[in-house]
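To start, the structure itself, in structure tokens.
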Amino acid sequence: SMIYGAPTNIMDCGAVGNGVVDDTDAFILAANKGGTVVIPKDKTIRIARTITSTDLTTQFKVIGESRNTSILYFDVDGYGIHTTTSTAMSEWENLFIKGNLAKANSAGLSLFDNSGKTLEKLNVGYFNKTAIQIVQSVQPVIKGCFIYSIGTGIDINPGTTASVAPEIQDVYINSASICGIDITGT
């Protein structure tokens, strides 16, 4: 696990947290502090465009105060977060990652080179495509997650990595219209 800096409450970075106002820039600002982004309980942080590697400059962690009411709402027709470089490795814990089923290509996290990083105690739901995709990562960890109303629950794609060895533990997947867990490669 990486060492994180001081926690940053996303509300202190300009987030409104009502699920309507676009909080994308506030999320990026908080993540780029390189510490832990705290999503308060009873707040819905609306991400209205895909956050990419270009937006993210450092490793970070996102932690919610409640896996039911600390909501990161990806109101996006595609991935909410889609990294393609090793710069922004991230960990995620104790929050609700929510999509918008009205958007045909809605998807959650696509994390590149997230080797050894943990996603835990998450509720993930309401995506037509993939909820969590981990690309080109060795020993990524996904545990204690409840994933539902999705196309594919977890997609592990080795990219150019010969061995992936993911740890998927205590994960419940319900109502997957495409696939529960898809692991490509060895």
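Following the order of the structure tokens, chains are lettered A, B, ..., residues in each are numbered from 1, and ligands are numbered from 1.
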
(message) Residues near Ile156 in chain A, anyone? I mean within 12 Å using only C-alpha atoms, not counting same-chain ones fewer than 5 positions away, as a PyMOL selection string.
(response) chain A and resi 109-115+130-142+161+163-168+179-186

Under the rule of at most 10 Å, produce a per-residue listing of range 87-162 of chain A near range 38-49 of chain A: chain, number, name, the closest pair of atoms, and the distance in Å, as JSON lines, using only C-alpha atoms.
{"residue": "A:Glu93", "atom": "CA", "partner": "A:Val38", "partner_atom": "CA", "distance": 9.9}
{"residue": "A:Asn94", "atom": "CA", "partner": "A:Ile39", "partner_atom": "CA", "distance": 9.4}
{"residue": "A:Leu95", "atom": "CA", "partner": "A:Ile39", "partner_atom": "CA", "distance": 7.7}
{"residue": "A:Phe96", "atom": "CA", "partner": "A:Thr44", "partner_atom": "CA", "distance": 9.2}
{"residue": "A:Ile97", "atom": "CA", "partner": "A:Ile45", "partner_atom": "CA", "distance": 9.8}
{"residue": "A:Lys98", "atom": "CA", "partner": "A:Thr44", "partner_atom": "CA", "distance": 9.4}
{"residue": "A:Gly99", "atom": "CA", "partner": "A:Ile47", "partner_atom": "CA", "distance": 9.8}

Go ahead and write the residues just picked, all heavy atoms, as a PDB file, in the first residue's frame.
ATOM      1  N   GLU A  93     -11.958   3.059  -1.357  1.00  0.00           N
ATOM      2  CA  GLU A  93     -12.485   2.374  -0.177  1.00  0.00           C
ATOM      3  C   GLU A  93     -13.737   3.041   0.383  1.00  0.00           C
ATOM      4  O   GLU A  93     -13.814   4.279   0.470  1.00  0.00           O
ATOM      5  CB  GLU A  93     -11.393   2.361   0.908  1.00  0.00           C
ATOM      6  CG  GLU A  93     -11.781   1.645   2.185  1.00  0.00           C
ATOM      7  CD  GLU A  93     -10.665   1.663   3.230  1.00  0.00           C
ATOM      8  OE1 GLU A  93      -9.505   1.965   2.883  1.00  0.00           O
ATOM      9  OE2 GLU A  93     -10.962   1.373   4.396  1.00  0.00           O
ATOM     10  N   ASN A  94     -14.712   2.228   0.753  1.00  0.00           N
ATOM     11  CA  ASN A  94     -15.847   2.653   1.574  1.00  0.00           C
ATOM     12  C   ASN A  94     -16.694   3.755   0.932  1.00  0.00           C
ATOM     13  O   ASN A  94     -17.023   4.752   1.580  1.00  0.00           O
ATOM     14  CB  ASN A  94     -15.354   3.097   2.961  1.00  0.00           C
ATOM     15  CG  ASN A  94     -16.476   3.093   3.992  1.00  0.00           C
ATOM     16  OD1 ASN A  94     -17.271   2.171   4.037  1.00  0.00           O
ATOM     17  ND2 ASN A  94     -16.534   4.128   4.810  1.00  0.00           N
ATOM     18  N   LEU A  95     -17.050   3.580  -0.348  1.00  0.00           N
ATOM     19  CA  LEU A  95     -17.958   4.529  -0.963  1.00  0.00           C
ATOM     20  C   LEU A  95     -18.826   3.839  -1.992  1.00  0.00           C
ATOM     21  O   LEU A  95     -18.639   2.659  -2.291  1.00  0.00           O
ATOM     22  CB  LEU A  95     -17.221   5.731  -1.567  1.00  0.00           C
ATOM     23  CG  LEU A  95     -16.374   5.538  -2.817  1.00  0.00           C
ATOM     24  CD1 LEU A  95     -16.334   6.823  -3.624  1.00  0.00           C
ATOM     25  CD2 LEU A  95     -14.947   5.191  -2.414  1.00  0.00           C
ATOM     26  N   PHE A  96     -19.784   4.585  -2.521  1.00  0.00           N
ATOM     27  CA  PHE A  96     -20.723   4.083  -3.524  1.00  0.00           C
ATOM     28  C   PHE A  96     -20.335   4.720  -4.856  1.00  0.00           C
ATOM     29  O   PHE A  96     -20.395   5.938  -5.012  1.00  0.00           O
ATOM     30  CB  PHE A  96     -22.149   4.451  -3.107  1.00  0.00           C
ATOM     31  CG  PHE A  96     -23.251   3.996  -4.038  1.00  0.00           C
ATOM     32  CD1 PHE A  96     -23.012   3.157  -5.120  1.00  0.00           C
ATOM     33  CD2 PHE A  96     -24.551   4.406  -3.805  1.00  0.00           C
ATOM     34  CE1 PHE A  96     -24.051   2.753  -5.954  1.00  0.00           C
ATOM     35  CE2 PHE A  96     -25.594   4.008  -4.626  1.00  0.00           C
ATOM     36  CZ  PHE A  96     -25.348   3.183  -5.708  1.00  0.00           C
ATOM     37  N   ILE A  97     -19.912   3.887  -5.799  1.00  0.00           N
ATOM     38  CA  ILE A  97     -19.578   4.352  -7.146  1.00  0.00           C
ATOM     39  C   ILE A  97     -20.792   4.037  -8.017  1.00  0.00           C
ATOM     40  O   ILE A  97     -21.113   2.876  -8.262  1.00  0.00           O
ATOM     41  CB  ILE A  97     -18.300   3.669  -7.662  1.00  0.00           C
ATOM     42  CG1 ILE A  97     -17.118   4.068  -6.766  1.00  0.00           C
ATOM     43  CG2 ILE A  97     -18.041   4.048  -9.117  1.00  0.00           C
ATOM     44  CD1 ILE A  97     -15.823   3.333  -7.076  1.00  0.00           C
ATOM     45  N   LYS A  98     -21.470   5.101  -8.443  1.00  0.00           N
ATOM     46  CA  LYS A  98     -22.781   4.962  -9.076  1.00  0.00           C
ATOM     47  C   LYS A  98     -22.753   5.490 -10.509  1.00  0.00           C
ATOM     48  O   LYS A  98     -22.176   6.544 -10.770  1.00  0.00           O
ATOM     49  CB  LYS A  98     -23.800   5.758  -8.254  1.00  0.00           C
ATOM     50  CG  LYS A  98     -25.221   5.711  -8.766  1.00  0.00           C
ATOM     51  CD  LYS A  98     -26.129   6.533  -7.859  1.00  0.00           C
ATOM     52  CE  LYS A  98     -27.570   6.484  -8.344  1.00  0.00           C
ATOM     53  NZ  LYS A  98     -28.439   7.327  -7.509  1.00  0.00           N
ATOM     54  N   GLY A  99     -23.378   4.747 -11.401  1.00  0.00           N
ATOM     55  CA  GLY A  99     -23.454   5.179 -12.791  1.00  0.00           C
ATOM     56  C   GLY A  99     -24.819   5.719 -13.143  1.00  0.00           C
ATOM     57  O   GLY A  99     -25.670   5.916 -12.285  1.00  0.00           O
TER      58      GLY A  99
END

(message) Counting only C-alpha atoms, which residue out of A:Gly19, A:Gly125, A:Pro158, A:Gly144 sits closest to Val171 in chain A?
(response) A:Gly144

(request) Could you tell me which of A:Val16, A:Leu29, A:Leu56, A:Ala104 comes closest to Lys129 in chain A if we count only C-alpha atoms? (result)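 Closest candidate: A:Ala104.
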
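Residues in contact range of range 145-149 of chain A, defined as at most 7 Å between only C-alpha atoms, with sequence neighbours fewer than 2 positions away removed, read A:Glu120, A:Lys121, A:Leu122, A:Asn123, A:Val124, A:Gly125, A:Tyr126, A:Phe127, A:Lys143, A:Gly153, A:Asp170, A:Val171, A:Tyr172, A:Ile173, A:Asn174, A:Ser175, A:Ala176.
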
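Distance check against Thr58 in chain A using only C-alpha atoms: of A:Ile150, A:Ile10, A:Val76, A:Ile28, the minimum falls on A:Ile28.
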
(request) Measuring atom to atom with only C-alpha atoms, identify which of A:Thr54, A:Asn18, A:Asn157, A:Ser106 is nearest to Asn128 in chain A. (result) A:Ser106

(message) I need the residue nearest Met11 in chain A from this list: A:Thr52, A:Asn105, A:Thr160, A:Thr24. Use only C-alpha atoms for the distance.
(response)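 Distance minimum relative to Met11 in chain A lands on A:Thr24.
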
(request) Check the DSSP output for the backbone and give back, as a PyMOL selection string, the residues of range 78-158 of chain A in strand (DSSP E). (result) chain A and resi 79-82+90-93+96-98+107-112+118-120+123-135+141-143+146-157

(request) In Å, rounded to a single decimal, give me how far CA of Thr36 in chain A is from CA of Gly64 in chain A. (result)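 It comes out at 9.9 Å.
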
(message) Report, in Å with one decimal, the straight-line distance from CA of Asn100 in chain A to CA of Tyr79 in chain A.
(response)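 About the pair CA of Asn100 in chain A and CA of Tyr79 in chain A: they are 11.0 Å apart.
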
(message) Let me make sure I understand: among A:Gly116, A:Gly17, A:Gly78, A:Gly35, which one has the smallest atom-to-atom distance to Ala102 in chain A if we use only C-alpha atoms?
(response) A:Gly78

(message) Between CA of Ala88 in chain A and CA of Asn9 in chain A, what distance in Å does the model show, to one decimal?
(response) 18.9 Å
